[in-house]
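Okay, work-v1.cif now, which holds mmCIF, C-alpha atoms and all ligand atoms:
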```cif
data_query
#
loop_
_atom_site.group_PDB
_atom_site.id
_atom_site.type_symbol
_atom_site.label_atom_id
_atom_site.label_comp_id
_atom_site.auth_asym_id
_atom_site.auth_seq_id
_atom_site.Cartn_x
_atom_site.Cartn_y
_atom_site.Cartn_z
ATOM 1 C CA MET D 114 125.050 108.159 114.647
ATOM 2 C CA SER D 115 123.592 108.981 111.275
ATOM 3 C CA LYS D 116 124.051 105.535 109.734
ATOM 4 C CA MET D 117 121.553 102.682 109.918
ATOM 5 C CA ILE D 118 120.932 99.540 107.870
ATOM 6 C CA ILE D 119 117.346 99.734 106.659
ATOM 7 C CA GLY D 120 115.367 96.929 105.068
ATOM 8 C CA GLY D 121 112.282 96.218 103.014
ATOM 9 C CA ALA D 122 110.513 92.893 103.602
ATOM 10 C CA GLN D 123 108.664 92.121 100.390
ATOM 11 C CA ILE D 124 105.881 89.577 100.886
ATOM 12 C CA GLY D 125 104.676 87.195 98.186
ATOM 13 C CA GLY D 126 100.984 86.584 97.645
ATOM 14 C CA ILE D 127 98.735 85.765 100.597
ATOM 15 C CA GLN D 128 95.796 83.569 99.704
ATOM 16 C CA LYS D 129 92.287 83.988 101.116
ATOM 17 C CA ASP D 130 92.528 80.978 103.391
ATOM 18 C CA GLU D 131 95.954 81.798 104.887
ATOM 19 C CA THR D 132 95.773 82.576 108.595
ATOM 20 C CA ARG D 133 97.288 85.610 110.331
ATOM 21 C CA GLU D 134 99.562 83.199 112.219
ATOM 22 C CA GLU D 135 100.934 81.775 108.948
ATOM 23 C CA VAL D 136 101.598 85.267 107.602
ATOM 24 C CA VAL D 137 103.249 86.425 110.842
ATOM 25 C CA ALA D 138 105.541 83.364 110.677
ATOM 26 C CA ARG D 139 106.639 84.507 107.192
ATOM 27 C CA MET D 140 107.179 88.049 108.482
ATOM 28 C CA ILE D 141 109.301 86.749 111.343
ATOM 29 C CA ALA D 142 111.410 84.636 108.965
ATOM 30 C CA LEU D 143 112.213 87.826 107.019
ATOM 31 C CA MET D 144 112.893 89.671 110.278
ATOM 32 C CA ASP D 145 115.374 86.955 111.270
ATOM 33 C CA GLN D 146 117.190 87.368 107.939
ATOM 34 C CA ALA D 147 117.150 91.129 108.393
ATOM 35 C CA HIS D 148 118.689 90.837 111.842
ATOM 36 C CA GLU D 149 121.461 88.636 110.455
ATOM 37 C CA LYS D 150 122.227 91.385 107.941
ATOM 38 C CA GLY D 151 122.380 94.059 110.631
ATOM 39 C CA VAL D 152 119.064 95.710 109.753
ATOM 40 C CA THR D 153 117.676 97.833 112.593
ATOM 41 C CA TYR D 154 114.607 99.255 110.821
ATOM 42 C CA LEU D 155 112.411 97.050 108.636
ATOM 43 C CA ALA D 156 109.425 97.954 106.448
ATOM 44 C CA TYR D 157 106.639 95.547 105.462
ATOM 45 C CA PRO D 158 103.892 96.172 102.852
ATOM 46 C CA GLU D 159 100.412 97.636 102.887
ATOM 47 C CA MET D 160 97.807 95.263 104.350
ATOM 48 C CA THR D 161 100.532 92.773 105.219
ATOM 49 C CA LEU D 162 98.393 90.373 107.219
ATOM 50 C CA THR D 163 95.742 89.439 104.663
ATOM 51 C CA THR D 164 95.000 88.959 101.022
ATOM 52 C CA PHE D 165 94.196 92.178 99.124
ATOM 53 C CA PHE D 166 90.441 91.658 99.598
ATOM 54 C CA PRO D 167 89.237 94.922 97.943
ATOM 55 C CA ARG D 168 89.348 92.946 94.694
ATOM 56 C CA PHE D 169 86.239 91.113 95.955
ATOM 57 C CA TYR D 170 82.716 92.497 96.236
ATOM 58 C CA ALA D 171 80.491 91.939 99.262
ATOM 59 C CA GLU D 172 77.025 93.429 99.159
ATOM 60 C CA ASP D 173 77.065 93.613 102.940
ATOM 61 C CA ARG D 174 80.456 95.111 103.741
ATOM 62 C CA ALA D 175 80.250 93.718 107.299
ATOM 63 C CA GLU D 176 80.887 90.287 105.756
ATOM 64 C CA PHE D 177 84.483 91.476 105.319
ATOM 65 C CA ASP D 178 85.059 92.651 108.873
ATOM 66 C CA HIS D 179 87.032 89.480 109.514
ATOM 67 C CA TRP D 180 89.890 90.976 107.443
ATOM 68 C CA PHE D 181 90.238 93.790 109.997
ATOM 69 C CA GLU D 182 92.141 94.024 113.299
ATOM 70 C CA THR D 183 90.339 95.494 116.313
ATOM 71 C CA GLU D 184 93.523 95.855 118.336
ATOM 72 C CA MET D 185 97.242 96.075 117.668
ATOM 73 C CA PRO D 186 99.250 94.243 118.732
ATOM 74 C CA ASN D 187 96.917 91.278 119.069
ATOM 75 C CA ALA D 188 97.439 87.587 119.745
ATOM 76 C CA ALA D 189 98.483 86.843 116.157
ATOM 77 C CA THR D 190 100.939 89.739 115.779
ATOM 78 C CA GLN D 191 102.412 89.759 119.303
ATOM 79 C CA PRO D 192 105.187 87.282 118.304
ATOM 80 C CA LEU D 193 106.349 89.777 115.636
ATOM 81 C CA PHE D 194 106.480 92.585 118.193
ATOM 82 C CA ASP D 195 108.317 90.289 120.617
ATOM 83 C CA ARG D 196 110.933 89.203 118.067
ATOM 84 C CA ALA D 197 111.612 92.803 117.011
ATOM 85 C CA LYS D 198 112.047 93.855 120.638
ATOM 86 C CA GLU D 199 114.454 90.964 121.217
ATOM 87 C CA TYR D 200 116.496 92.217 118.226
ATOM 88 C CA GLY D 201 116.198 95.901 119.146
ATOM 89 C CA MET D 202 114.706 96.451 115.680
ATOM 90 C CA GLY D 203 112.167 99.111 114.762
ATOM 91 C CA PHE D 204 109.612 98.201 112.101
ATOM 92 C CA THR D 205 106.560 99.355 110.193
ATOM 93 C CA PHE D 206 103.730 97.382 108.631
ATOM 94 C CA GLY D 207 100.255 97.860 107.226
ATOM 95 C CA TYR D 208 96.986 96.255 108.304
ATOM 96 C CA CYS D 209 93.250 96.863 108.157
ATOM 97 C CA GLU D 210 91.986 98.648 111.239
ATOM 98 C CA LEU D 211 88.455 98.505 112.687
ATOM 99 C CA THR D 212 88.115 101.099 115.439
ATOM 100 C CA PRO D 213 85.913 100.771 118.556
ATOM 101 C CA GLU D 214 83.622 103.367 116.892
ATOM 102 C CA GLY D 215 83.165 101.032 113.914
ATOM 103 C CA GLN D 216 85.367 102.955 111.451
ATOM 104 C CA HIS D 217 87.435 101.073 108.867
ATOM 105 C CA PHE D 218 90.864 102.324 107.852
ATOM 106 C CA ASN D 219 93.775 101.110 105.742
ATOM 107 C CA THR D 220 96.451 101.705 108.372
ATOM 108 C CA SER D 221 100.168 101.425 109.034
ATOM 109 C CA VAL D 222 102.182 101.904 112.200
ATOM 110 C CA ILE D 223 105.762 102.578 113.213
ATOM 111 C CA VAL D 224 106.936 100.394 116.095
ATOM 112 C CA SER D 225 109.982 101.471 118.115
ATOM 113 C CA PRO D 226 112.784 99.009 119.020
ATOM 114 C CA GLU D 227 111.190 98.910 122.489
ATOM 115 C CA GLY D 228 108.045 97.440 120.930
ATOM 116 C CA GLU D 229 105.826 100.534 121.285
ATOM 117 C CA ILE D 230 103.621 101.890 118.503
ATOM 118 C CA ILE D 231 104.917 105.449 118.191
ATOM 119 C CA LEU D 232 103.075 106.611 115.055
ATOM 120 C CA LYS D 233 99.918 105.558 113.235
ATOM 121 C CA TYR D 234 99.022 106.547 109.684
ATOM 122 C CA ARG D 235 95.694 105.961 107.933
ATOM 123 C CA LYS D 236 95.730 105.880 104.122
ATOM 124 C CA THR D 237 94.658 109.186 102.619
ATOM 125 C CA HIS D 238 94.315 108.527 98.876
ATOM 126 C CA LEU D 239 91.949 105.586 98.413
ATOM 127 C CA PRO D 240 91.897 104.441 94.783
ATOM 128 C CA GLY D 241 89.110 102.596 93.009
ATOM 129 C CA HIS D 242 85.365 102.776 93.514
ATOM 130 C CA SER D 243 82.652 101.945 96.016
ATOM 131 C CA GLU D 244 80.112 100.003 93.938
ATOM 132 C CA TYR D 245 80.434 96.868 91.777
ATOM 133 C CA GLU D 246 81.360 97.990 88.224
ATOM 134 C CA PRO D 247 80.850 95.222 85.639
ATOM 135 C CA GLU D 248 82.820 96.993 82.871
ATOM 136 C CA ARG D 249 86.032 96.481 84.857
ATOM 137 C CA THR D 250 88.157 93.368 84.305
ATOM 138 C CA HIS D 251 88.457 93.181 88.084
ATOM 139 C CA GLN D 252 87.182 95.245 90.984
ATOM 140 C CA HIS D 253 89.162 97.626 93.193
ATOM 141 C CA LEU D 254 86.758 98.442 96.017
ATOM 142 C CA GLU D 255 88.939 100.329 98.497
ATOM 143 C CA LYS D 256 86.407 103.164 98.570
ATOM 144 C CA ARG D 257 83.763 100.639 99.663
ATOM 145 C CA TYR D 258 85.674 99.099 102.534
ATOM 146 C CA PHE D 259 87.690 102.018 103.948
ATOM 147 C CA LEU D 260 87.205 105.586 105.060
ATOM 148 C CA PRO D 261 89.773 108.132 103.874
ATOM 149 C CA GLY D 262 92.403 108.439 106.579
ATOM 150 C CA ASP D 263 92.010 111.098 109.258
ATOM 151 C CA THR D 264 95.621 111.252 110.485
ATOM 152 C CA GLY D 265 97.383 113.266 107.795
ATOM 153 C CA PHE D 266 101.068 112.717 107.091
ATOM 154 C CA ASN D 267 102.813 113.044 110.447
ATOM 155 C CA VAL D 268 106.400 112.131 111.244
ATOM 156 C CA VAL D 269 108.184 110.830 114.322
ATOM 157 C CA ARG D 270 111.797 110.827 115.441
ATOM 158 C CA ASN D 271 112.845 107.201 115.782
ATOM 159 C CA GLN D 272 116.291 105.613 116.078
ATOM 160 C CA GLY D 273 117.982 108.905 115.209
ATOM 161 C CA ALA D 274 115.994 109.676 112.041
ATOM 162 C CA ILE D 275 112.778 111.524 111.230
ATOM 163 C CA MET D 276 110.385 108.921 109.839
ATOM 164 C CA GLY D 277 107.005 109.038 108.110
ATOM 165 C CA MET D 278 104.698 106.684 106.225
ATOM 166 C CA SER D 279 102.429 106.661 103.250
ATOM 167 C CA ILE D 280 100.463 103.772 101.794
ATOM 168 C CA CYS D 281 100.415 102.586 98.192
ATOM 169 C CA ASN D 282 98.429 105.073 96.088
ATOM 170 C CA ASP D 283 99.709 107.931 98.307
ATOM 171 C CA ARG D 284 103.137 107.515 96.671
ATOM 172 C CA ARG D 285 101.791 108.883 93.392
ATOM 173 C CA TRP D 286 100.746 112.204 94.958
ATOM 174 C CA PRO D 287 103.526 114.779 95.448
ATOM 175 C CA GLU D 288 101.432 116.380 98.197
ATOM 176 C CA SER D 289 101.978 113.324 100.432
ATOM 177 C CA TRP D 290 105.747 113.628 100.159
ATOM 178 C CA ARG D 291 105.868 117.406 100.503
ATOM 179 C CA VAL D 292 103.806 117.464 103.705
ATOM 180 C CA MET D 293 106.364 115.100 105.261
ATOM 181 C CA GLY D 294 109.236 116.963 103.562
ATOM 182 C CA LEU D 295 108.104 120.147 105.296
ATOM 183 C CA GLN D 296 108.533 118.324 108.620
ATOM 184 C CA GLY D 297 112.128 117.401 107.728
ATOM 185 C CA VAL D 298 111.455 113.754 106.938
ATOM 186 C CA GLU D 299 114.522 111.569 106.352
ATOM 187 C CA LEU D 300 112.874 108.171 105.774
ATOM 188 C CA VAL D 301 109.496 107.545 104.135
ATOM 189 C CA THR D 302 108.158 104.012 103.961
ATOM 190 C CA VAL D 303 105.508 103.038 101.427
ATOM 191 C CA GLY D 304 103.845 99.645 101.501
ATOM 192 C CA TYR D 305 101.855 98.724 98.418
ATOM 193 C CA ASN D 306 99.598 96.179 96.686
ATOM 194 C CA THR D 307 99.451 97.108 93.014
ATOM 195 C CA PRO D 308 97.598 94.919 90.505
ATOM 196 C CA SER D 309 99.727 94.330 87.397
ATOM 197 C CA GLN D 310 96.861 95.200 85.101
ATOM 198 C CA ASN D 311 94.810 98.363 84.868
ATOM 199 C CA ASN D 312 91.220 97.216 85.344
ATOM 200 C CA LEU D 313 89.922 99.614 82.661
ATOM 201 C CA SER D 314 92.736 99.421 80.087
ATOM 202 C CA ALA D 315 94.602 96.288 79.048
ATOM 203 C CA GLU D 316 97.016 98.537 77.073
ATOM 204 C CA GLU D 317 98.698 99.781 80.223
ATOM 205 C CA GLY D 318 101.029 96.826 80.676
ATOM 206 C CA ILE D 319 103.020 95.771 83.703
ATOM 207 C CA GLU D 320 106.277 97.460 82.550
ATOM 208 C CA ARG D 321 104.593 100.847 82.366
ATOM 209 C CA ARG D 322 102.935 100.349 85.733
ATOM 210 C CA ILE D 323 106.242 99.439 87.376
ATOM 211 C CA TYR D 324 107.876 102.455 85.709
ATOM 212 C CA HIS D 325 105.221 104.807 87.130
ATOM 213 C CA HIS D 326 105.655 103.269 90.582
ATOM 214 C CA GLU D 327 109.407 103.757 90.517
ATOM 215 C CA LEU D 328 109.185 107.232 88.998
ATOM 216 C CA SER D 329 106.861 108.338 91.809
ATOM 217 C CA VAL D 330 109.064 107.003 94.604
ATOM 218 C CA CYS D 331 112.313 108.329 93.115
ATOM 219 C CA ALA D 332 110.782 111.760 92.505
ATOM 220 C CA GLY D 333 109.315 111.920 96.021
ATOM 221 C CA ALA D 334 112.633 110.978 97.586
ATOM 222 C CA TYR D 335 114.696 113.390 95.446
ATOM 223 C CA GLN D 336 112.350 116.376 95.736
ATOM 224 C CA ASN D 337 112.279 116.090 99.529
ATOM 225 C CA SER D 338 115.830 114.794 99.976
ATOM 226 C CA THR D 339 114.754 111.736 101.938
ATOM 227 C CA TYR D 340 115.384 108.021 101.886
ATOM 228 C CA ALA D 341 112.404 105.928 100.815
ATOM 229 C CA VAL D 342 111.623 102.239 101.188
ATOM 230 C CA ALA D 343 108.809 101.094 98.914
ATOM 231 C CA VAL D 344 107.816 97.516 99.592
ATOM 232 C CA ALA D 345 105.339 95.279 97.804
ATOM 233 C CA LYS D 346 102.945 92.530 98.584
ATOM 234 C CA CYS D 347 103.073 90.839 95.231
ATOM 235 C CA GLY D 348 102.939 87.815 92.965
ATOM 236 C CA MET D 349 99.821 85.687 92.589
ATOM 237 C CA GLU D 350 97.052 86.255 95.123
ATOM 238 C CA ASP D 351 93.832 84.324 94.695
ATOM 239 C CA GLY D 352 94.481 84.115 90.944
ATOM 240 C CA ASN D 353 95.344 87.813 90.575
ATOM 241 C CA HIS D 354 98.817 89.133 89.838
ATOM 242 C CA MET D 355 100.366 92.098 91.651
ATOM 243 C CA PHE D 356 103.745 93.462 90.593
ATOM 244 C CA ALA D 357 106.831 93.267 92.831
ATOM 245 C CA GLY D 358 109.441 96.008 92.293
ATOM 246 C CA SER D 359 110.318 96.730 95.931
ATOM 247 C CA ILE D 360 113.041 99.380 96.074
ATOM 248 C CA ILE D 361 115.105 101.483 98.440
ATOM 249 C CA VAL D 362 115.817 104.978 97.123
ATOM 250 C CA ASP D 363 118.425 107.439 98.421
ATOM 251 C CA PRO D 364 117.939 111.190 98.952
ATOM 252 C CA ASP D 365 119.376 111.847 95.464
ATOM 253 C CA GLY D 366 116.544 109.815 93.938
ATOM 254 C CA PHE D 367 118.685 106.822 92.997
ATOM 255 C CA VAL D 368 117.549 103.227 93.496
ATOM 256 C CA VAL D 369 120.112 101.649 95.844
ATOM 257 C CA ALA D 370 118.435 98.265 96.428
ATOM 258 C CA ARG D 371 115.913 96.336 94.385
ATOM 259 C CA ALA D 372 113.981 93.068 94.808
ATOM 260 C CA THR D 373 114.676 90.477 92.139
ATOM 261 C CA GLY D 374 111.709 88.121 92.562
ATOM 262 C CA GLU D 375 107.997 88.100 93.327
ATOM 263 C CA GLY D 376 108.064 86.189 96.600
ATOM 264 C CA ASP D 377 109.101 86.836 100.203
ATOM 265 C CA GLU D 378 112.377 88.716 99.833
ATOM 266 C CA LEU D 379 114.532 91.040 101.871
ATOM 267 C CA ILE D 380 116.237 94.120 100.436
ATOM 268 C CA THR D 381 118.692 96.162 102.506
ATOM 269 C CA HIS D 382 120.799 99.288 102.341
ATOM 270 C CA GLU D 383 123.093 101.138 104.721
ATOM 271 C CA ALA D 384 121.459 104.555 104.919
ATOM 272 C CA ASP D 385 123.447 107.584 105.989
ATOM 273 C CA PHE D 386 120.885 110.129 107.095
ATOM 274 C CA ALA D 387 123.532 112.873 107.038
ATOM 275 C CA LYS D 388 123.145 112.660 103.241
ATOM 276 C CA CYS D 389 119.626 114.117 103.525
ATOM 277 C CA ALA D 390 121.130 117.451 104.579
ATOM 278 C CA PHE D 391 122.655 118.302 101.194
ATOM 279 C CA GLY D 392 119.429 118.494 99.183
ATOM 280 C CA LYS D 393 117.540 119.995 102.111
ATOM 281 C CA SER D 394 120.075 122.828 102.391
ATOM 282 C CA THR D 395 120.638 123.522 98.671
ATOM 283 C CA ILE D 396 118.228 122.987 95.790
ATOM 284 C CA PHE D 397 115.374 121.908 98.086
ATOM 285 C CA ASN D 398 116.030 124.440 100.821
ATOM 286 C CA PHE D 399 112.318 125.083 101.257
ATOM 287 C CA ALA D 400 112.737 128.131 103.505
ATOM 288 C CA ALA D 401 114.894 129.850 100.909
ATOM 289 C CA HIS D 402 113.127 128.928 97.693
ATOM 290 C CA ARG D 403 109.454 127.995 98.137
ATOM 291 C CA ARG D 404 106.853 130.563 97.019
ATOM 292 C CA THR D 405 103.771 129.693 99.016
ATOM 293 C CA GLU D 406 101.964 132.821 97.787
ATOM 294 C CA HIS D 407 101.532 130.970 94.475
ATOM 295 C CA TYR D 408 100.488 127.579 95.857
ATOM 296 C CA GLY D 409 97.081 128.461 97.332
ATOM 297 C CA LEU D 410 95.165 126.634 94.585
ATOM 298 C CA ILE D 411 96.668 123.322 95.688
ATOM 299 C CA CYS D 412 94.614 123.424 98.878
ATOM 300 C CA ALA D 413 91.682 125.492 97.620
ATOM 301 C CA ARG D 414 90.833 123.289 94.611
ATOM 302 C CA THR D 415 90.532 119.495 94.467
ATOM 303 C CA GLY D 416 89.778 118.751 90.794
ATOM 304 C CA VAL D 417 90.681 120.510 87.571
ATOM 305 C CA GLN D 418 88.566 123.551 86.692
ATOM 306 C CA ILE D 419 89.297 125.148 83.326
ATOM 307 C CA ASP D 420 88.641 128.899 83.332
ATOM 308 C CA VAL D 421 90.219 129.874 79.993
HETATM 309 N N1 LIG D 501 96.508 99.546 96.792
HETATM 310 C C1 LIG D 501 96.572 100.608 95.963
HETATM 311 O O1 LIG D 501 96.434 101.752 96.391
HETATM 312 N N2 LIG D 501 96.777 100.329 94.650
HETATM 313 C C2 LIG D 501 96.815 101.352 93.625
HETATM 314 C C3 LIG D 501 96.337 100.773 92.303
HETATM 315 C C4 LIG D 501 94.905 100.487 92.325
HETATM 316 C C5 LIG D 501 96.602 101.745 91.157
HETATM 317 C C6 LIG D 501 98.204 101.944 93.436
HETATM 318 O O2 LIG D 501 98.302 103.173 93.332
HETATM 319 O O3 LIG D 501 99.175 101.201 93.334
#
```

Show this structure as structure tokens.
Amino acid sequence: MSKMIIGGAQIGGIQKDETREEVVARMIALMDQAHEKGVTYLAYPEMTLTTFFPRFYAEDRAEFDHWFETEMPNAATQPLFDRAKEYGMGFTFGYCELTPEGQHFNTSVIVSPEGEIILKYRKTHLPGHSEYEPERTHQHLEKRYFLPGDTGFNVVRNQGAIMGMSICNDRRWPESWRVMGLQGVELVTVGYNTPSQNNLSAEEGIERRIYHHELSVCAGAYQNSTYAVAVAKCGMEDGNHMFAGSIIVDPDGFVVARATGEGDELITHEADFAKCAFGKSTIFNFAAHRRTEHYGLICARTGVQIDV
């Protein structure tokens, strides 16, 4: 069975004082809608359970530990796991993880239809900065509150498809997609929280930022012949605007479903994973066409070094 109805559950803004229970109720309402539409795999955004707190500065970062989850599932999220199991629906969502060793990660998980966490991913590419920077119109302190992920981009076979995850800024890096592409990925989910304004340049307007988002997801899907679900947390959060633009992209790089608003909204598409085979066996037949002898610099060098 190569066909499956997949969904993206876009979530509108979550304000500072909203509880996990309130957010989970919104997630379940979208899951109910998804079930009615025959969805059997549903993707939620990055950091679904809380406001996007890296826009705020805390001198003592421990003050923000209350935004993190120390176990998953926990009392607040268990009803989501239970509802998905009742529906036989797999799902993925992002949250902030505080490990028993005291490490902080921006994390997402894949949950099987049986309600088991079968893959965990910790965000690799953390944008922003670690100290308060007054020249910015607003702060983006992911580097202050999270460690770079230590999982790498793994995949898992779930519900008949090979699935992987990346989180927000990861979607802009072709390396993220290719590492999963090399493991035969057929569905990549990307949850995101993207401010509508560049905090160093007012000239980069929202249209351009949405274009770059879409360009990245379509290119990643096409170049690795995989489906992609990119799903936003968006709209106004604590007086800050984040763009919507949730999309489902097919293995040819075409947008096949698109959110129309900036609130809680479901997008769906009937994916046929057999369609991934064409690109993977022709133009992106990696075994036949890649030339790894010329790619060494990608891993040997991080930043640009001009030698000429
Ligand atoms: N949450 C993110 O990773 N946001 C970044 C913004 C800061 C550019 C993104 O790539 O969308």

Using all atoms of ligand LIG 501 (chain D) listed in the file and a margin of 3 Å per side, can you give the axis-aligned box centre and edge lengths in Å to one decimal, as AutoDock Vina command-line options?
```
--center_x 97.0 --center_y 101.4 --center_z 94.0 --size_x 10.3 --size_y 9.6 --size_z 11.6
```

Which residues match the PyMOL selection byres (((chain D and resi 319) around 8) and not hetatm) in the file above, as an mmCIF file with C-alpha atoms, in the coordinates of the input?
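Listing of result_30.cif after writing:
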```
data_model
loop_
_atom_site.group_PDB
_atom_site.id
_atom_site.type_symbol
_atom_site.label_atom_id
_atom_site.label_comp_id
_atom_site.auth_asym_id
_atom_site.auth_seq_id
_atom_site.Cartn_x
_atom_site.Cartn_y
_atom_site.Cartn_z
ATOM 1 C CA SER D 309 99.727 94.330 87.397
ATOM 2 C CA GLN D 310 96.861 95.200 85.101
ATOM 3 C CA GLU D 317 98.698 99.781 80.223
ATOM 4 C CA GLY D 318 101.029 96.826 80.676
ATOM 5 C CA GLU D 320 106.277 97.460 82.550
ATOM 6 C CA ARG D 321 104.593 100.847 82.366
ATOM 7 C CA ARG D 322 102.935 100.349 85.733
ATOM 8 C CA ILE D 323 106.242 99.439 87.376
ATOM 9 C CA PHE D 356 103.745 93.462 90.593
#
```

What does the PyMOL selection byres (((not hetatm)) within 9 of (chain D and resi 501)) select in this file, as an MDAnalysis selection string? chainID D and resid 159:160 165 167 236 238:241 253 255 280:285 304:312 322 326

CA of Asp420 (chain D) and CA of Tyr408 (chain D) are how many Å apart? 17.3 Å

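Excluding Ser115 (chain D) itself and same-chain residues fewer than 5 positions from it, the residues having an atom within 12 Å of it are Asn271, Gln272, Gly273, Ala274, Ile275, Glu299, Glu383, Ala384, Asp385, Phe386, Ala387, Lys388, Cys389 and Ala390 of chain D, counting only C-alpha atoms.
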
Generate a file of the selected residues that holds C-alpha atoms, formatted as a tab-separated table (two decimals), keeping the file's coordinate frame.
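Writing done, so here's result-v4.tsv:
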```
chain	number	residue	atom	x	y	z
D	271	ASN	CA	112.84	107.20	115.78
D	272	GLN	CA	116.29	105.61	116.08
D	273	GLY	CA	117.98	108.90	115.21
D	274	ALA	CA	115.99	109.68	112.04
D	275	ILE	CA	112.78	111.52	111.23
D	299	GLU	CA	114.52	111.57	106.35
D	383	GLU	CA	123.09	101.14	104.72
D	384	ALA	CA	121.46	104.56	104.92
D	385	ASP	CA	123.45	107.58	105.99
D	386	PHE	CA	120.88	110.13	107.10
D	387	ALA	CA	123.53	112.87	107.04
D	388	LYS	CA	123.14	112.66	103.24
D	389	CYS	CA	119.63	114.12	103.52
D	390	ALA	CA	121.13	117.45	104.58
```

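Comparing D:Ser243, D:Thr302, D:Ser225, D:Met293 by their smallest distance to Asp195 (chain D), the closest is D:Ser225 (using only C-alpha atoms).
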
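In this structure, CA of Gln296 (chain D) sits 20.5 Å away from CA of Gly203 (chain D).
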